[in-house]
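The file entry_29.json comes next; it holds JSON, C-alpha atoms and all ligand atoms.
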[["chain", "number", "residue", "atom", "x", "y", "z"],
["A", 239, "MET", "CA", -2.53, 7.60, -30.13],
["A", 240, "ARG", "CA", 0.59, 5.54, -30.86],
["A", 241, "ASP", "CA", 2.98, 5.63, -27.91],
["A", 242, "ARG", "CA", 0.51, 7.66, -25.91],
["A", 243, "GLY", "CA", 0.01, 4.96, -23.31],
["A", 244, "ILE", "CA", -1.90, 6.28, -20.31],
["A", 245, "ARG", "CA", -0.94, 4.82, -16.95],
["A", 246, "GLU", "CA", -3.97, 3.18, -15.39],
["A", 247, "THR", "CA", -4.34, 2.65, -11.67],
["A", 248, "ARG", "CA", -7.04, 0.09, -11.18],
["A", 249, "VAL", "CA", -8.75, -0.58, -7.87],
["A", 250, "SER", "CA", -10.57, -3.75, -7.04],
["A", 251, "VAL", "CA", -14.31, -3.07, -7.17],
["A", 252, "GLY", "CA", -16.28, -5.85, -5.52],
["A", 253, "ASN", "CA", -17.10, -8.97, -7.45],
["A", 254, "GLY", "CA", -18.62, -7.25, -10.49],
["A", 255, "LEU", "CA", -17.43, -7.10, -14.08],
["A", 256, "PHE", "CA", -17.05, -3.79, -15.88],
["A", 257, "VAL", "CA", -17.38, -3.98, -19.69],
["A", 258, "THR", "CA", -17.20, -0.94, -21.98],
["A", 259, "PHE", "CA", -18.17, -0.68, -25.65],
["A", 260, "GLU", "CA", -16.21, 1.79, -27.75],
["A", 261, "GLY", "CA", -15.86, 2.82, -31.39],
["A", 262, "GLY", "CA", -16.87, 5.41, -33.94],
["A", 263, "GLU", "CA", -20.33, 6.59, -34.91],
["A", 264, "GLY", "CA", -22.87, 4.11, -36.27],
["A", 265, "ALA", "CA", -20.94, 1.02, -35.19],
["A", 266, "GLY", "CA", -24.04, -0.69, -33.76],
["A", 267, "LYS", "CA", -22.95, -0.54, -30.11],
["A", 268, "SER", "CA", -26.44, -0.03, -28.67],
["A", 269, "THR", "CA", -27.86, -3.11, -30.41],
["A", 270, "GLN", "CA", -24.93, -5.20, -29.27],
["A", 271, "ILE", "CA", -25.21, -3.96, -25.68],
["A", 272, "ARG", "CA", -28.83, -5.07, -25.63],
["A", 273, "LEU", "CA", -27.95, -8.50, -27.07],
["A", 274, "LEU", "CA", -25.10, -9.02, -24.60],
["A", 275, "ALA", "CA", -27.25, -7.93, -21.65],
["A", 276, "ASP", "CA", -30.02, -10.35, -22.71],
["A", 277, "ALA", "CA", -27.56, -13.23, -23.09],
["A", 278, "LEU", "CA", -26.03, -12.58, -19.67],
["A", 279, "ARG", "CA", -29.43, -12.26, -17.98],
["A", 280, "GLU", "CA", -30.44, -15.60, -19.52],
["A", 281, "ARG", "CA", -27.37, -16.99, -17.77],
["A", 282, "GLY", "CA", -28.66, -15.66, -14.46],
["A", 283, "ARG", "CA", -26.42, -12.61, -14.23],
["A", 284, "THR", "CA", -27.38, -9.25, -12.77],
["A", 285, "VAL", "CA", -26.71, -6.72, -15.53],
["A", 286, "LEU", "CA", -26.70, -2.93, -15.55],
["A", 287, "THR", "CA", -26.59, -1.20, -18.95],
["A", 288, "THR", "CA", -25.61, 2.43, -19.06],
["A", 289, "ARG", "CA", -24.02, 5.04, -21.35],
["A", 290, "GLU", "CA", -21.76, 8.07, -21.56],
["A", 291, "PRO", "CA", -21.94, 10.96, -21.55],
["A", 292, "GLY", "CA", -24.73, 10.39, -19.06],
["A", 293, "GLY", "CA", -25.91, 7.39, -17.08],
["A", 294, "SER", "CA", -26.60, 9.26, -13.81],
["A", 295, "PRO", "CA", -28.98, 12.20, -13.33],
["A", 296, "GLY", "CA", -26.08, 14.65, -12.96],
["A", 297, "ALA", "CA", -24.24, 13.32, -16.00],
["A", 298, "GLU", "CA", -27.40, 13.30, -18.13],
["A", 299, "ALA", "CA", -27.78, 17.03, -17.39],
["A", 300, "VAL", "CA", -24.24, 17.58, -18.76],
["A", 301, "ARG", "CA", -24.90, 15.29, -21.76],
["A", 302, "HIS", "CA", -27.27, 17.75, -23.34],
["A", 303, "VAL", "CA", -24.80, 20.63, -22.97],
["A", 304, "LEU", "CA", -22.11, 18.56, -24.72],
["A", 305, "LEU", "CA", -24.08, 16.94, -27.54],
["A", 306, "SER", "CA", -26.10, 20.02, -28.47],
["A", 307, "GLY", "CA", -22.82, 21.82, -29.10],
["A", 308, "ALA", "CA", -23.59, 24.44, -26.43],
["A", 309, "ALA", "CA", -20.11, 24.00, -24.92],
["A", 310, "GLN", "CA", -18.25, 23.95, -28.26],
["A", 311, "GLU", "CA", -17.65, 27.70, -28.39],
["A", 312, "PHE", "CA", -15.82, 27.51, -25.05],
["A", 313, "GLY", "CA", -13.22, 25.16, -26.52],
["A", 314, "VAL", "CA", -12.20, 21.52, -26.42],
["A", 315, "ARG", "CA", -10.53, 21.89, -23.00],
["A", 316, "MET", "CA", -13.83, 22.96, -21.50],
["A", 317, "GLU", "CA", -15.62, 20.09, -23.23],
["A", 318, "ALA", "CA", -13.04, 17.58, -21.95],
["A", 319, "ILE", "CA", -13.54, 18.80, -18.38],
["A", 320, "LEU", "CA", -17.32, 18.51, -18.76],
["A", 321, "PHE", "CA", -16.99, 14.93, -20.06],
["A", 322, "ALA", "CA", -14.78, 14.19, -17.03],
["A", 323, "ALA", "CA", -17.25, 15.80, -14.61],
["A", 324, "ALA", "CA", -20.07, 13.71, -16.07],
["A", 325, "ARG", "CA", -17.90, 10.57, -15.87],
["A", 326, "SER", "CA", -16.98, 11.18, -12.25],
["A", 327, "ASP", "CA", -20.63, 11.50, -11.25],
["A", 328, "HIS", "CA", -21.58, 8.41, -13.27],
["A", 329, "VAL", "CA", -18.77, 6.33, -11.74],
["A", 330, "GLU", "CA", -19.50, 7.28, -8.15],
["A", 331, "GLU", "CA", -23.32, 7.29, -8.32],
["A", 332, "ILE", "CA", -23.97, 4.31, -10.60],
["A", 333, "ILE", "CA", -21.02, 2.22, -11.79],
["A", 334, "ARG", "CA", -19.02, 1.67, -8.60],
["A", 335, "PRO", "CA", -22.10, 0.84, -6.45],
["A", 336, "ALA", "CA", -23.32, -1.69, -9.06],
["A", 337, "LEU", "CA", -19.90, -3.36, -9.27],
["A", 338, "LEU", "CA", -19.72, -3.52, -5.50],
["A", 339, "LYS", "CA", -23.03, -5.42, -5.55],
["A", 340, "GLY", "CA", -21.54, -7.91, -8.02],
["A", 341, "ALA", "CA", -23.35, -6.76, -11.18],
["A", 342, "VAL", "CA", -22.04, -6.90, -14.73],
["A", 343, "VAL", "CA", -21.96, -3.26, -15.84],
["A", 344, "ILE", "CA", -22.04, -2.66, -19.60],
["A", 345, "CYS", "CA", -21.32, 0.93, -20.55],
["A", 346, "ASP", "CA", -21.76, 2.50, -24.00],
["A", 347, "ARG", "CA", -18.54, 4.57, -24.26],
["A", 348, "PHE", "CA", -16.19, 5.45, -21.39],
["A", 349, "MET", "CA", -12.66, 6.81, -20.88],
["A", 350, "ASP", "CA", -11.34, 5.65, -24.28],
["A", 351, "SER", "CA", -13.82, 7.97, -26.02],
["A", 352, "SER", "CA", -12.25, 10.93, -24.19],
["A", 353, "ARG", "CA", -8.75, 9.74, -25.12],
["A", 354, "VAL", "CA", -9.81, 9.60, -28.77],
["A", 355, "TYR", "CA", -12.31, 12.44, -29.28],
["A", 356, "GLN", "CA", -10.79, 15.04, -26.94],
["A", 357, "GLY", "CA", -7.20, 13.73, -26.81],
["A", 358, "VAL", "CA", -6.40, 12.67, -30.36],
["A", 359, "THR", "CA", -8.85, 14.54, -32.61],
["A", 360, "GLY", "CA", -9.28, 17.37, -30.08],
["A", 361, "ASN", "CA", -5.48, 17.76, -29.95],
["A", 362, "LEU", "CA", -5.38, 18.00, -26.17],
["A", 363, "GLU", "CA", -2.04, 17.12, -24.64],
["A", 364, "LEU", "CA", -1.68, 13.70, -23.02],
["A", 365, "PRO", "CA", -0.91, 14.85, -19.44],
["A", 366, "PHE", "CA", -4.12, 16.88, -19.42],
["A", 367, "ILE", "CA", -6.24, 13.94, -20.66],
["A", 368, "GLU", "CA", -4.42, 11.63, -18.26],
["A", 369, "ALA", "CA", -5.07, 13.87, -15.27],
["A", 370, "LEU", "CA", -8.78, 14.21, -16.08],
["A", 371, "GLU", "CA", -9.09, 10.47, -16.61],
["A", 372, "ARG", "CA", -7.45, 9.69, -13.28],
["A", 373, "VAL", "CA", -9.81, 11.97, -11.39],
["A", 374, "ALA", "CA", -12.93, 10.88, -13.29],
["A", 375, "VAL", "CA", -12.53, 7.10, -13.15],
["A", 376, "ASN", "CA", -10.96, 7.11, -9.68],
["A", 377, "GLY", "CA", -9.63, 3.57, -10.09],
["A", 378, "VAL", "CA", -12.69, 2.15, -11.85],
["A", 379, "ILE", "CA", -10.97, 0.89, -15.00],
["A", 380, "PRO", "CA", -12.92, -1.44, -17.33],
["A", 381, "ASP", "CA", -12.11, -5.14, -17.01],
["A", 382, "CYS", "CA", -12.87, -5.50, -20.68],
["A", 383, "THR", "CA", -13.32, -3.04, -23.55],
["A", 384, "ILE", "CA", -14.86, -4.10, -26.86],
["A", 385, "ILE", "CA", -13.85, -1.85, -29.72],
["A", 386, "PHE", "CA", -16.29, -1.84, -32.63],
["A", 387, "ASP", "CA", -14.27, -1.29, -35.77],
["A", 388, "LEU", "CA", -15.89, 0.04, -38.93],
["A", 389, "PRO", "CA", -14.82, 2.23, -41.87],
["A", 390, "ALA", "CA", -15.90, 5.74, -40.88],
["A", 391, "SER", "CA", -17.82, 6.28, -44.15],
["A", 392, "LEU", "CA", -20.00, 3.26, -43.42],
["A", 393, "GLY", "CA", -20.62, 4.33, -39.82],
["A", 394, "LEU", "CA", -21.64, 7.84, -40.84],
["A", 395, "GLU", "CA", -23.93, 6.52, -43.54],
["A", 396, "ARG", "CA", -25.67, 4.37, -40.91],
["A", 397, "VAL", "CA", -26.02, 7.34, -38.53],
["A", 398, "ARG", "CA", -27.57, 9.50, -41.25],
["A", 399, "ARG", "CA", -29.93, 6.75, -42.37],
["A", 400, "ARG", "CA", -31.02, 6.08, -38.78],
["A", 401, "ALA", "CA", -31.54, 9.75, -37.99],
["A", 402, "SER", "CA", -33.57, 10.36, -41.12],
["A", 403, "ALA", "CA", -35.78, 7.34, -40.46],
["A", 404, "ALA", "CA", -36.33, 8.24, -36.81],
["A", 405, "GLU", "CA", -36.47, 11.98, -36.60],
["A", 406, "ALA", "CA", -36.55, 14.18, -39.67],
["A", 407, "PRO", "CA", -39.96, 15.23, -40.90],
["A", 408, "ALA", "CA", -40.36, 14.57, -44.64],
["A", 409, "GLY", "CA", -38.10, 16.71, -46.79],
["A", 410, "GLN", "CA", -36.16, 18.26, -43.90],
["A", 411, "GLU", "CA", -32.48, 18.09, -43.00],
["A", 412, "VAL", "CA", -31.49, 15.56, -40.37],
["A", 413, "GLU", "CA", -30.06, 17.03, -37.17],
["A", 414, "LEU", "CA", -26.80, 15.29, -36.28],
["A", 415, "ASP", "CA", -25.08, 15.86, -32.94],
["A", 416, "ARG", "CA", -22.00, 18.04, -32.44],
["A", 417, "PHE", "CA", -19.55, 15.15, -33.00],
["A", 418, "GLU", "CA", -21.42, 13.39, -35.81],
["A", 419, "LYS", "CA", -21.24, 16.61, -37.86],
["A", 420, "GLU", "CA", -17.44, 16.53, -38.14],
["A", 421, "GLU", "CA", -15.51, 15.69, -41.33],
["A", 422, "LEU", "CA", -14.99, 12.14, -42.56],
["A", 423, "GLU", "CA", -11.22, 12.55, -42.14],
["A", 424, "THR", "CA", -11.69, 13.25, -38.42],
["A", 425, "HIS", "CA", -13.82, 10.12, -38.05],
["A", 426, "GLU", "CA", -11.14, 8.04, -39.81],
["A", 427, "LYS", "CA", -8.52, 9.44, -37.40],
["A", 428, "ARG", "CA", -10.71, 8.29, -34.52],
["A", 429, "ARG", "CA", -10.95, 4.81, -35.97],
["A", 430, "GLU", "CA", -7.15, 4.63, -36.09],
["A", 431, "ALA", "CA", -6.89, 5.99, -32.56],
["A", 432, "PHE", "CA", -9.23, 3.32, -31.17],
["A", 433, "LEU", "CA", -7.18, 0.64, -32.94],
["A", 434, "ASP", "CA", -4.00, 2.11, -31.44],
["A", 435, "ILE", "CA", -5.53, 1.93, -27.95],
["A", 436, "ALA", "CA", -6.41, -1.72, -28.57],
["A", 437, "ALA", "CA", -2.89, -2.50, -29.78],
["A", 438, "ALA", "CA", -1.36, -0.81, -26.72],
["A", 439, "ASP", "CA", -3.60, -2.64, -24.24],
["A", 440, "PRO", "CA", -4.44, -6.07, -25.68],
["A", 441, "LYS", "CA", -5.26, -7.51, -22.25],
["A", 442, "ARG", "CA", -8.18, -5.11, -21.74],
["A", 443, "CYS", "CA", -9.20, -4.30, -25.33],
["A", 444, "HIS", "CA", -10.73, -6.58, -27.96],
["A", 445, "VAL", "CA", -11.51, -5.43, -31.50],
["A", 446, "VAL", "CA", -14.58, -6.77, -33.30],
["A", 447, "ASP", "CA", -15.51, -6.25, -36.95],
["A", 448, "ALA", "CA", -18.63, -4.09, -36.76],
["A", 449, "SER", "CA", -19.42, -4.60, -40.45],
["A", 450, "ALA", "CA", -20.28, -8.28, -39.82],
["A", 451, "ALA", "CA", -23.84, -9.57, -39.34],
["A", 452, "ALA", "CA", -25.35, -8.55, -35.98],
["A", 453, "SER", "CA", -25.73, -12.18, -34.86],
["A", 454, "ASP", "CA", -22.06, -12.92, -35.64],
["A", 455, "ILE", "CA", -20.93, -9.83, -33.75],
["A", 456, "ALA", "CA", -23.10, -10.82, -30.77],
["A", 457, "ALA", "CA", -21.52, -14.29, -30.72],
["A", 458, "ALA", "CA", -18.03, -12.80, -30.88],
["A", 459, "VAL", "CA", -18.77, -10.38, -28.04],
["A", 460, "LEU", "CA", -20.22, -13.11, -25.83],
["A", 461, "ALA", "CA", -17.19, -15.31, -26.50],
["A", 462, "ILE", "CA", -14.97, -12.49, -25.20],
["A", 463, "VAL", "CA", -17.04, -11.63, -22.12],
["A", 464, "GLU", "CA", -18.25, -15.03, -20.91],
["A", 465, "PRO", "CA", -14.84, -16.34, -19.76],
["A", 466, "LEU", "CA", -14.38, -13.17, -17.69],
["A", 467, "LEU", "CA", -17.57, -13.54, -15.66],
["A", 468, "PRO", "CA", -17.00, -13.86, -11.95],
["A", 469, "ARG", "CA", -18.05, -17.19, -10.45],
["A", 470, "SER", "CA", -21.26, -16.11, -8.69],
["A", 471, "GLY", "CA", -24.15, -14.28, -10.33],
["A", 472, "GLY", "CA", -24.00, -11.18, -8.10],
["A", 473, "GLY", "CA", -26.81, -9.36, -6.36],
["A", 474, "GLY", "CA", -28.62, -6.03, -6.54],
["A", 475, "PRO", "CA", -31.42, -4.88, -8.80],
["A", 476, "ASP", "CA", -31.31, -5.84, -12.47],
["A", 477, "THR", "CA", -31.73, -2.44, -13.98],
["A", 478, "GLU", "CA", -30.92, 0.21, -16.53],
["A", 479, "ALA", "CA", -29.34, 3.51, -15.49],
["A", 480, "ALA", "CA", -31.17, 6.76, -16.23],
["A", 481, "GLN", "CA", -31.01, 7.47, -19.97],
["B", 1, "LIG", "P1", -23.54, 8.69, -28.68],
["B", 1, "LIG", "O1", -24.46, 8.64, -27.50],
["B", 1, "LIG", "O2", -24.24, 8.75, -29.99],
["B", 1, "LIG", "O3", -22.44, 7.70, -28.63],
["B", 1, "LIG", "O4", -22.91, 10.15, -28.62],
["B", 1, "LIG", "C1", -21.92, 10.48, -27.77],
["B", 1, "LIG", "C2", -20.99, 11.39, -28.51],
["B", 1, "LIG", "O5", -20.11, 11.99, -27.56],
["B", 1, "LIG", "C3", -20.13, 10.65, -29.52],
["B", 1, "LIG", "O6", -20.02, 11.41, -30.70],
["B", 1, "LIG", "C4", -18.78, 10.60, -28.87],
["B", 1, "LIG", "C5", -18.77, 11.79, -27.93],
["B", 1, "LIG", "N1", -17.95, 11.56, -26.73],
["B", 1, "LIG", "C6", -16.78, 12.28, -26.57],
["B", 1, "LIG", "O7", -16.43, 13.09, -27.42],
["B", 1, "LIG", "N2", -16.03, 12.07, -25.45],
["B", 1, "LIG", "C7", -16.40, 11.20, -24.47],
["B", 1, "LIG", "O8", -15.70, 11.03, -23.45],
["B", 1, "LIG", "C8", -17.64, 10.46, -24.64],
["B", 1, "LIG", "C9", -18.09, 9.50, -23.58],
["B", 1, "LIG", "C10", -18.37, 10.68, -25.79]]
Take the structure in the file and write it out as structure tokens.
Ligand code: TMP
Amino acid sequence: MRDRGIRETRVSVGNGLFVTFEGGEGAGKSTQIRLLADALRERGRTVLTTREPGGSPGAEAVRHVLLSGAAQEFGVRMEAILFAAARSDHVEEIIRPALLKGAVVICDRFMDSSRVYQGVTGNLELPFIEALERVAVNGVIPDCTIIFDLPASLGLERVRRRASAAEAPAGQEVELDRFEKEELETHEKRREAFLDIAAADPKRCHVVDASAAASDIAAAVLAIVEPLLPRSGGGGPDTEAAQ
């Protein structure tokens, strides 16, 4: 991702704050999103938590196609376009309206995941990724992106442990999703690519050590986000997008 800076055209979206959480597999993003949302609600903020791929009914329909691997045989270009289609729907149906109402929107993965998974490890050329990103986000660029950094081996170990505890009947193989199944080397490349994005855009991106204790990570995340909060609490329903 070095020297692959994507030009971002940001539009002003109401009085809200748009925060995205990014990183490799098993980095603990979901737990930290919940902790951040709780902390902000305690401070009287209106918070919407959401995720990608998905977050709106249309995007959730595409999520299954992508994560089951059903689109894999049609190639990474096709997958990238599907991620972008899902993102566009999510932005226009859920994220932009919430920001316009003044909410803090916290999204589990967003455009940086496409830059890394489809762009860097999918080997898609930058102008193609850039064009899809421009159309999909349509000016809705995160105000703040927290990158959860973790050795890929540790992240994958966590994913496998979690999946076996939650899903696999005794003695059976755990079913990982299409991206979790890839080689360790690919996951390490993604870690590097996320760090490169952070280095190229230090104003937007903040790296946290995802191997630390959950409470320490939560404190670090809050210390990054709190100073960015707009003055007033914002309106609209305090809610979670369709998941
Ligand atoms: P998750 O819900 O476990 O994070 O799974 C989402 C998977 O989809 C994860 O492996 C990363 C992948 N992904 C992409 O490849 N590109 C994208 O743009 C997004 C949002 C996710």
List every residue of chain A that has an atom at most 10 Å from any atom of ligand LIG 1 (chain B), giving for each one its closest atom pair and the distance in Å to one decimal, counting only C-alpha atoms and all ligand atoms, sorted by chain and then by ascending residue number, as a tab-separated table.
residue	atom	partner	partner_atom	distance
A:Phe259	CA	B:LIG1	O3	9.9
A:Glu260	CA	B:LIG1	O3	8.6
A:Gly261	CA	B:LIG1	O3	8.6
A:Gly262	CA	B:LIG1	C4	7.5
A:Glu263	CA	B:LIG1	O6	6.4
A:Gly264	CA	B:LIG1	O2	7.9
A:Ala265	CA	B:LIG1	O3	9.5
A:Gly266	CA	B:LIG1	O3	10.0
A:Lys267	CA	B:LIG1	O3	8.4
A:Ser268	CA	B:LIG1	O3	8.7
A:Arg289	CA	B:LIG1	O1	7.1
A:Glu290	CA	B:LIG1	C9	4.4
A:Pro291	CA	B:LIG1	C9	4.6
A:Gly292	CA	B:LIG1	C9	8.1
A:Arg301	CA	B:LIG1	O5	8.2
A:Leu304	CA	B:LIG1	O5	7.4
A:Leu305	CA	B:LIG1	O5	6.3
A:Val314	CA	B:LIG1	O7	9.5
A:Glu317	CA	B:LIG1	O7	8.2
A:Ala318	CA	B:LIG1	N2	7.2
A:Ile319	CA	B:LIG1	O8	9.5
A:Leu320	CA	B:LIG1	O8	9.0
A:Phe321	CA	B:LIG1	O8	5.3
A:Ala322	CA	B:LIG1	O8	7.2
A:Ala324	CA	B:LIG1	C9	8.8
A:Arg325	CA	B:LIG1	C9	7.8
A:Cys345	CA	B:LIG1	C9	9.6
A:Asp346	CA	B:LIG1	O3	7.0
A:Arg347	CA	B:LIG1	C9	5.0
A:Phe348	CA	B:LIG1	C9	5.0
A:Met349	CA	B:LIG1	O8	5.8
A:Asp350	CA	B:LIG1	O8	7.0
A:Ser351	CA	B:LIG1	C7	4.4
A:Ser352	CA	B:LIG1	O8	3.5
A:Arg353	CA	B:LIG1	O8	7.3
A:Val354	CA	B:LIG1	N2	7.5
A:Tyr355	CA	B:LIG1	O7	4.6
A:Gln356	CA	B:LIG1	O7	6.0
A:Gly357	CA	B:LIG1	N2	9.1
A:Thr359	CA	B:LIG1	O7	9.3
A:Gly360	CA	B:LIG1	O7	8.7
A:Glu371	CA	B:LIG1	O8	9.5
A:Val397	CA	B:LIG1	O2	8.8
A:Leu414	CA	B:LIG1	O2	9.4
A:Asp415	CA	B:LIG1	O6	7.1
A:Arg416	CA	B:LIG1	O6	7.1
A:Phe417	CA	B:LIG1	O6	4.4
A:Glu418	CA	B:LIG1	O6	5.7
A:Lys419	CA	B:LIG1	O6	8.9
A:Glu420	CA	B:LIG1	O6	9.4
A:His425	CA	B:LIG1	O6	9.7
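Between Gly282 of chain A and the residues A:Ala299, A:Val342, A:Val251, A:Ala436, the shortest atom-to-atom distance, using only C-alpha atoms, involves A:Val342.
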Looking at A:Glu331, A:Glu280, A:Glu426, A:Asp381, which one is nearest to Val463 of chain A, with distances taken over all atoms listed in the file?
A:Asp381
Counting all atoms listed in the file, the residue among A:Thr247, A:Thr383, A:Thr424, A:Ser294 that lies closest to Val446 of chain A is A:Thr383
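Here atom CA of Arg248 of chain A and atom CA of Arg428 of chain A stand 25.0 Å from one another.
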